[in-house]
Structures are given as structure tokens and as C-alpha cells.
Amino acid sequence: MPELPEVETMVRGIRPSVEGRLITAMKKCRCPCKPITMKPTWPRITKRVVGQRVVEVIRIAKRAVFQLSSGDAIVIEPRMTGLLLLNDPPDRGHLRVRWDFEHPAGDSSLWFWDRRGLGTLSLYSAAELSQRLAPPHLGVDALKITPRQWRAVCGKTKRAIKVALLDQKFVAGIGNLYASEILHRAGIHPQQPADELTQSQIQRMATATRTVLRTAIEHEGSTLSDGTYRNALNQNGSYQNSHRVYQRAEEFCPKCRETPVQRIVQAQRSTFFCPACQPLR
């Protein structure tokens, strides 16, 4: 699933070609597969979008948001296999939506491609956006949360810290892949109850979160073995080459170089960690 680094990469990739442009058409592509979820209805979306200018392209948690001149916002949640593309997609059969812009020279279209059809496209008014994509529905963004805020949210739950990290109300933007990488870098066992983390552990987790996510963004995200994730130009990310533990079960930990990485299941998701470098306290 695209997490914060992948969605941030998508946003940065399309921003120069989309911001400030007038939307001249918005078309739903014919796709024989499971349809993506759209709200409100397609006619209402196109009526409110076509003819508007994209004022700003931002990321909120794991969503790409196009702020329009009308005050409305197009909110795209890629979920498992969604991509925002300026170049030709991996295939034409899974294209979902196309936006056309004024001045066709150069990048005149933007595509939303989704192989599994789990992504969503919503059109919110300014009031709806601030209501639905803000507390208590979303926690503080993982790139902005401070150690003090980490202490506050950890103190409110007895859940295992890895499980808590996947809760977007706890902190926004982290998913399964980066939760394992963050906890390994911080030296924290994934089953450690969040409310039992020491001040030192919380500080290490805060530092590790910024380091892992910023480095992943620099590498334009992680393209895993299924090859689904691509940046806006339909190119692979490269952070997968720097993964320490994710999907590396039975390989020696790159930190201690003595202990094999273990895999356990938490909240029906795979967790990877080094039992030597991440002892359970």
C-alpha cells in the first residue's frame, strides 16, 4: 500500500505540471474491473471540477489533495495499487480517471490508474475537508509529530506499538512497511505496549520516524516485488534497496549481523524485526 513516502513522491511529481492549471475536462475511463469508489456522483463531481483551476497540490496523510479555485478539493486515496501518473501507465486496462488541462503543450493530462480498484476519489467542500481529514479522524502527520506529541499519543493506548502505528488516528501516514523499518531503527520491539515506552525509546522513535520517512522520500518510495508502485513518471522507487528488515525474514540483521530477522503477525499484518536489536522490555 502506498504510504506517506510514496504519496508524497506522487504529489511532488505531479505538482509542477498540475498546480496553476485550468481543468478543461475530467473523464472516467472504461475499465472492466472493480470500479473505484467515487463520492459524490460522477456527474456532480465533473460539474464542480471542470473549469476550475488547481490552486495547490498537497498531501494529507496517505492522500493526494488538489485544492481548487472554487474552494473544493479533489481527494485521492491510492490505497493498495493506485497511482497518479503523467506518463503512460503500466497498462491501459486499469485507467480510472483522466484530467485534461489548458495549454496542451507538454503534460496536458493526468491519470489515476488502479489495478485492484481499491482507491477512492472524493470531492469535498472546504468545510468537509477540514472536518473529515483532521482530528479526531486523523492524527498528527508523521513528518510533523513532535516527541511531546508522541508521548501524549503513546500514553493513551496499551496496544502493541507496531499495531498503534498502523492506526491513522494515532499518527497519520505510517503503514505496515515503514512501521517495521522505524521500530528497527529505534531499537523497539514491535510488541512493546505503547504506554510502556520509556522517554528514551519515544525520542528514538521520533528521530527514526523522521529519518526513515525523509530518506524514503529522497529515494522516491519503495517499489516491492510485485512492481505495482511507480512515481508520476511511471518509474520505480529505490528505497526498497535500503530496507533493513521488511520482507527480510531469515536474513541476518544488518545492524548486529548475527541474528536472523524474524517475522510475526500482528493485527493480521506481517511484522519484521530483530529480536537481538529490538528486545522486548
# chains A, B, ... in the order shown; residues from 1 in each chain; ligands from 1

$ select_by_dssp --residues "segment 85-209 of chain A" --states "alpha helix (DSSP H)" --output "count of residues only"
42

$ closest_atom_pairs --of "segment 124-204 of chain A" --to "segment 210-217 of chain A" --cutoff "9 Å" --atoms "only C-alpha atoms" --output "JSON lines"
{"residue": "A:Ala142", "atom": "CA", "partner": "A:Arg210", "partner_atom": "CA", "distance": 7.6}
{"residue": "A:Leu143", "atom": "CA", "partner": "A:Arg210", "partner_atom": "CA", "distance": 5.9}
{"residue": "A:Lys144", "atom": "CA", "partner": "A:Arg210", "partner_atom": "CA", "distance": 8.4}
{"residue": "A:Ile174", "atom": "CA", "partner": "A:Leu213", "partner_atom": "CA", "distance": 8.8}
{"residue": "A:Tyr178", "atom": "CA", "partner": "A:Val212", "partner_atom": "CA", "distance": 7.5}
{"residue": "A:Glu181", "atom": "CA", "partner": "A:Val212", "partner_atom": "CA", "distance": 7.2}
{"residue": "A:Ile182", "atom": "CA", "partner": "A:Val212", "partner_atom": "CA", "distance": 6.3}
{"residue": "A:Arg185", "atom": "CA", "partner": "A:Val212", "partner_atom": "CA", "distance": 8.3}

$ atom_distance --atom1 "atom CA of Gln247 of chain A" --atom2 "atom CA of Met1 of chain A"
14.1 Å

$ closest_atom_pairs --of "segment 89-208 of chain A" --to "segment 5-27 of chain A" --cutoff "7 Å" --atoms "only C-alpha atoms" --output "tab-separated table"
residue	atom	partner	partner_atom	distance
A:Val97	CA	A:Lys27	CA	5.7
A:Arg98	CA	A:Lys27	CA	5.2
A:Trp99	CA	A:Met26	CA	4.6
A:Asp100	CA	A:Ala25	CA	5.0
A:Phe101	CA	A:Ile23	CA	4.6
A:Glu102	CA	A:Leu22	CA	5.6
A:Asp107	CA	A:Ser17	CA	6.3

$ write_last_selection --atoms "N, CA, C and O atoms" --output "mmCIF file, in the first residue's frame"
data_model
loop_
_atom_site.group_PDB
_atom_site.id
_atom_site.type_symbol
_atom_site.label_atom_id
_atom_site.label_comp_id
_atom_site.auth_asym_id
_atom_site.auth_seq_id
_atom_site.Cartn_x
_atom_site.Cartn_y
_atom_site.Cartn_z
ATOM 1 N N VAL A 97 -9.405 7.461 -14.217
ATOM 2 C CA VAL A 97 -9.822 8.847 -14.439
ATOM 3 C C VAL A 97 -8.723 9.589 -15.183
ATOM 4 O O VAL A 97 -7.525 9.323 -14.965
ATOM 5 N N ARG A 98 -9.138 10.507 -16.062
ATOM 6 C CA ARG A 98 -8.185 11.371 -16.751
ATOM 7 C C ARG A 98 -8.615 12.824 -16.582
ATOM 8 O O ARG A 98 -9.777 13.160 -16.768
ATOM 9 N N TRP A 99 -7.651 13.654 -16.220
ATOM 10 C CA TRP A 99 -7.866 15.096 -16.171
ATOM 11 C C TRP A 99 -7.102 15.737 -17.328
ATOM 12 O O TRP A 99 -5.915 15.437 -17.532
ATOM 13 N N ASP A 100 -7.755 16.600 -18.081
ATOM 14 C CA ASP A 100 -7.095 17.367 -19.132
ATOM 15 C C ASP A 100 -7.001 18.821 -18.693
ATOM 16 O O ASP A 100 -7.900 19.339 -18.005
ATOM 17 N N PHE A 101 -5.914 19.463 -19.108
ATOM 18 C CA PHE A 101 -5.644 20.836 -18.693
ATOM 19 C C PHE A 101 -5.489 21.755 -19.898
ATOM 20 O O PHE A 101 -5.218 21.298 -21.014
ATOM 21 N N GLU A 102 -5.635 23.033 -19.642
ATOM 22 C CA GLU A 102 -5.423 24.026 -20.695
ATOM 23 C C GLU A 102 -3.967 24.003 -21.134
ATOM 24 O O GLU A 102 -3.106 23.479 -20.442
ATOM 25 N N ASP A 107 2.829 18.393 -20.557
ATOM 26 C CA ASP A 107 1.958 17.487 -19.820
ATOM 27 C C ASP A 107 0.540 18.035 -19.826
ATOM 28 O O ASP A 107 0.200 18.935 -19.067
#

$ residues_around --residues "Asp167 of chain A" --least-positions-apart "4" --cutoff "12 Å" --atoms "only C-alpha atoms" --output "VMD selection string"
chain A and resid 61 136 to 142 153 to 154 157 159 to 163 171 to 176 179 267

$ residues_around --residues "Glu77 of chain A" --least-positions-apart "5" --cutoff "6 Å" --atoms "only C-alpha atoms" --output "NGL selection string"
:A and (63 or 119-120)

$ residues_around --residues "Trp42 of chain A" --least-positions-apart "6" --cutoff "12 Å" --atoms "only C-alpha atoms" --output "list of chain:residue names"
A:Met26, A:Lys27, A:Lys28, A:Cys29, A:Ile36, A:Arg48, A:Val49, A:Val50, A:Val97, A:Leu121, A:Ser122, A:Leu123

$ write_last_selection --atoms "N, CA and C atoms" --output "compact mmCIF listing (two decimals), in the first residue's frame"
# COMPACT_ATOMS: atom_id res chain seq x y z
N MET A 26 -12.66 16.27 -17.41
CA MET A 26 -12.42 15.18 -16.45
C MET A 26 -13.23 14.00 -16.95
N LYS A 27 -12.52 12.93 -17.31
CA LYS A 27 -13.19 11.81 -17.97
C LYS A 27 -12.99 10.52 -17.18
N LYS A 28 -14.06 9.74 -17.09
CA LYS A 28 -13.99 8.43 -16.46
C LYS A 28 -13.63 7.40 -17.52
N CYS A 29 -12.55 6.68 -17.30
CA CYS A 29 -12.07 5.72 -18.29
C CYS A 29 -12.86 4.41 -18.18
N ILE A 36 -13.55 2.00 -8.82
CA ILE A 36 -13.10 2.70 -7.62
C ILE A 36 -14.30 3.41 -6.99
N ARG A 48 -18.64 20.23 -10.75
CA ARG A 48 -17.94 21.12 -9.82
C ARG A 48 -16.45 21.25 -10.11
N VAL A 49 -15.90 20.35 -10.91
CA VAL A 49 -14.44 20.35 -11.14
C VAL A 49 -14.05 21.01 -12.46
N VAL A 50 -14.72 20.65 -13.55
CA VAL A 50 -14.34 21.18 -14.86
C VAL A 50 -14.52 22.70 -14.88
N VAL A 97 -9.41 7.46 -14.22
CA VAL A 97 -9.82 8.85 -14.44
C VAL A 97 -8.72 9.59 -15.18
N LEU A 121 -11.84 8.31 -4.85
CA LEU A 121 -11.78 9.69 -5.32
C LEU A 121 -12.99 10.41 -4.73
N SER A 122 -12.73 11.46 -3.98
CA SER A 122 -13.80 12.22 -3.33
C SER A 122 -13.65 13.69 -3.65
N LEU A 123 -14.76 14.37 -3.70
CA LEU A 123 -14.76 15.83 -3.86
C LEU A 123 -15.38 16.42 -2.61

$ residues_around --residues "Leu233 of chain A" --least-positions-apart "4" --cutoff "7 Å" --atoms "only C-alpha atoms" --output "VMD selection string"
chain A and resid 85 to 87

$ closest_residue --among "A:Ala127, A:Thr41, A:Ala73, A:Phe252" --to "Glu56 of chain A" --atoms "only C-alpha atoms"
A:Ala73

$ closest_residue --among "A:Arg263, A:Cys256, A:Arg115, A:Gln199" --to "Ala276 of chain A" --atoms "only C-alpha atoms"
A:Cys256

$ residues_around --residues "Lys34 of chain A" --least-positions-apart "2" --cutoff "9 Å" --atoms "only C-alpha atoms" --output "list in words"
Cys31, Pro32, Ile36, Arg115, Arg116, Gly117 and Leu118 of chain A

$ select_by_dssp --residues "segment 116-179 of chain A" --states "strand (DSSP E or B)" --output "ChimeraX atom specification"
/A:120-124,141,160,172

$ closest_residue --among "A:Glu251, A:Glu128, A:Glu220, A:Asp72" --to "Pro2 of chain A" --atoms "only C-alpha atoms"
A:Glu220

$ atom_distance --atom1 "atom CA of Lys62 of chain A" --atom2 "atom CA of Leu129 of chain A"
14.3 Å
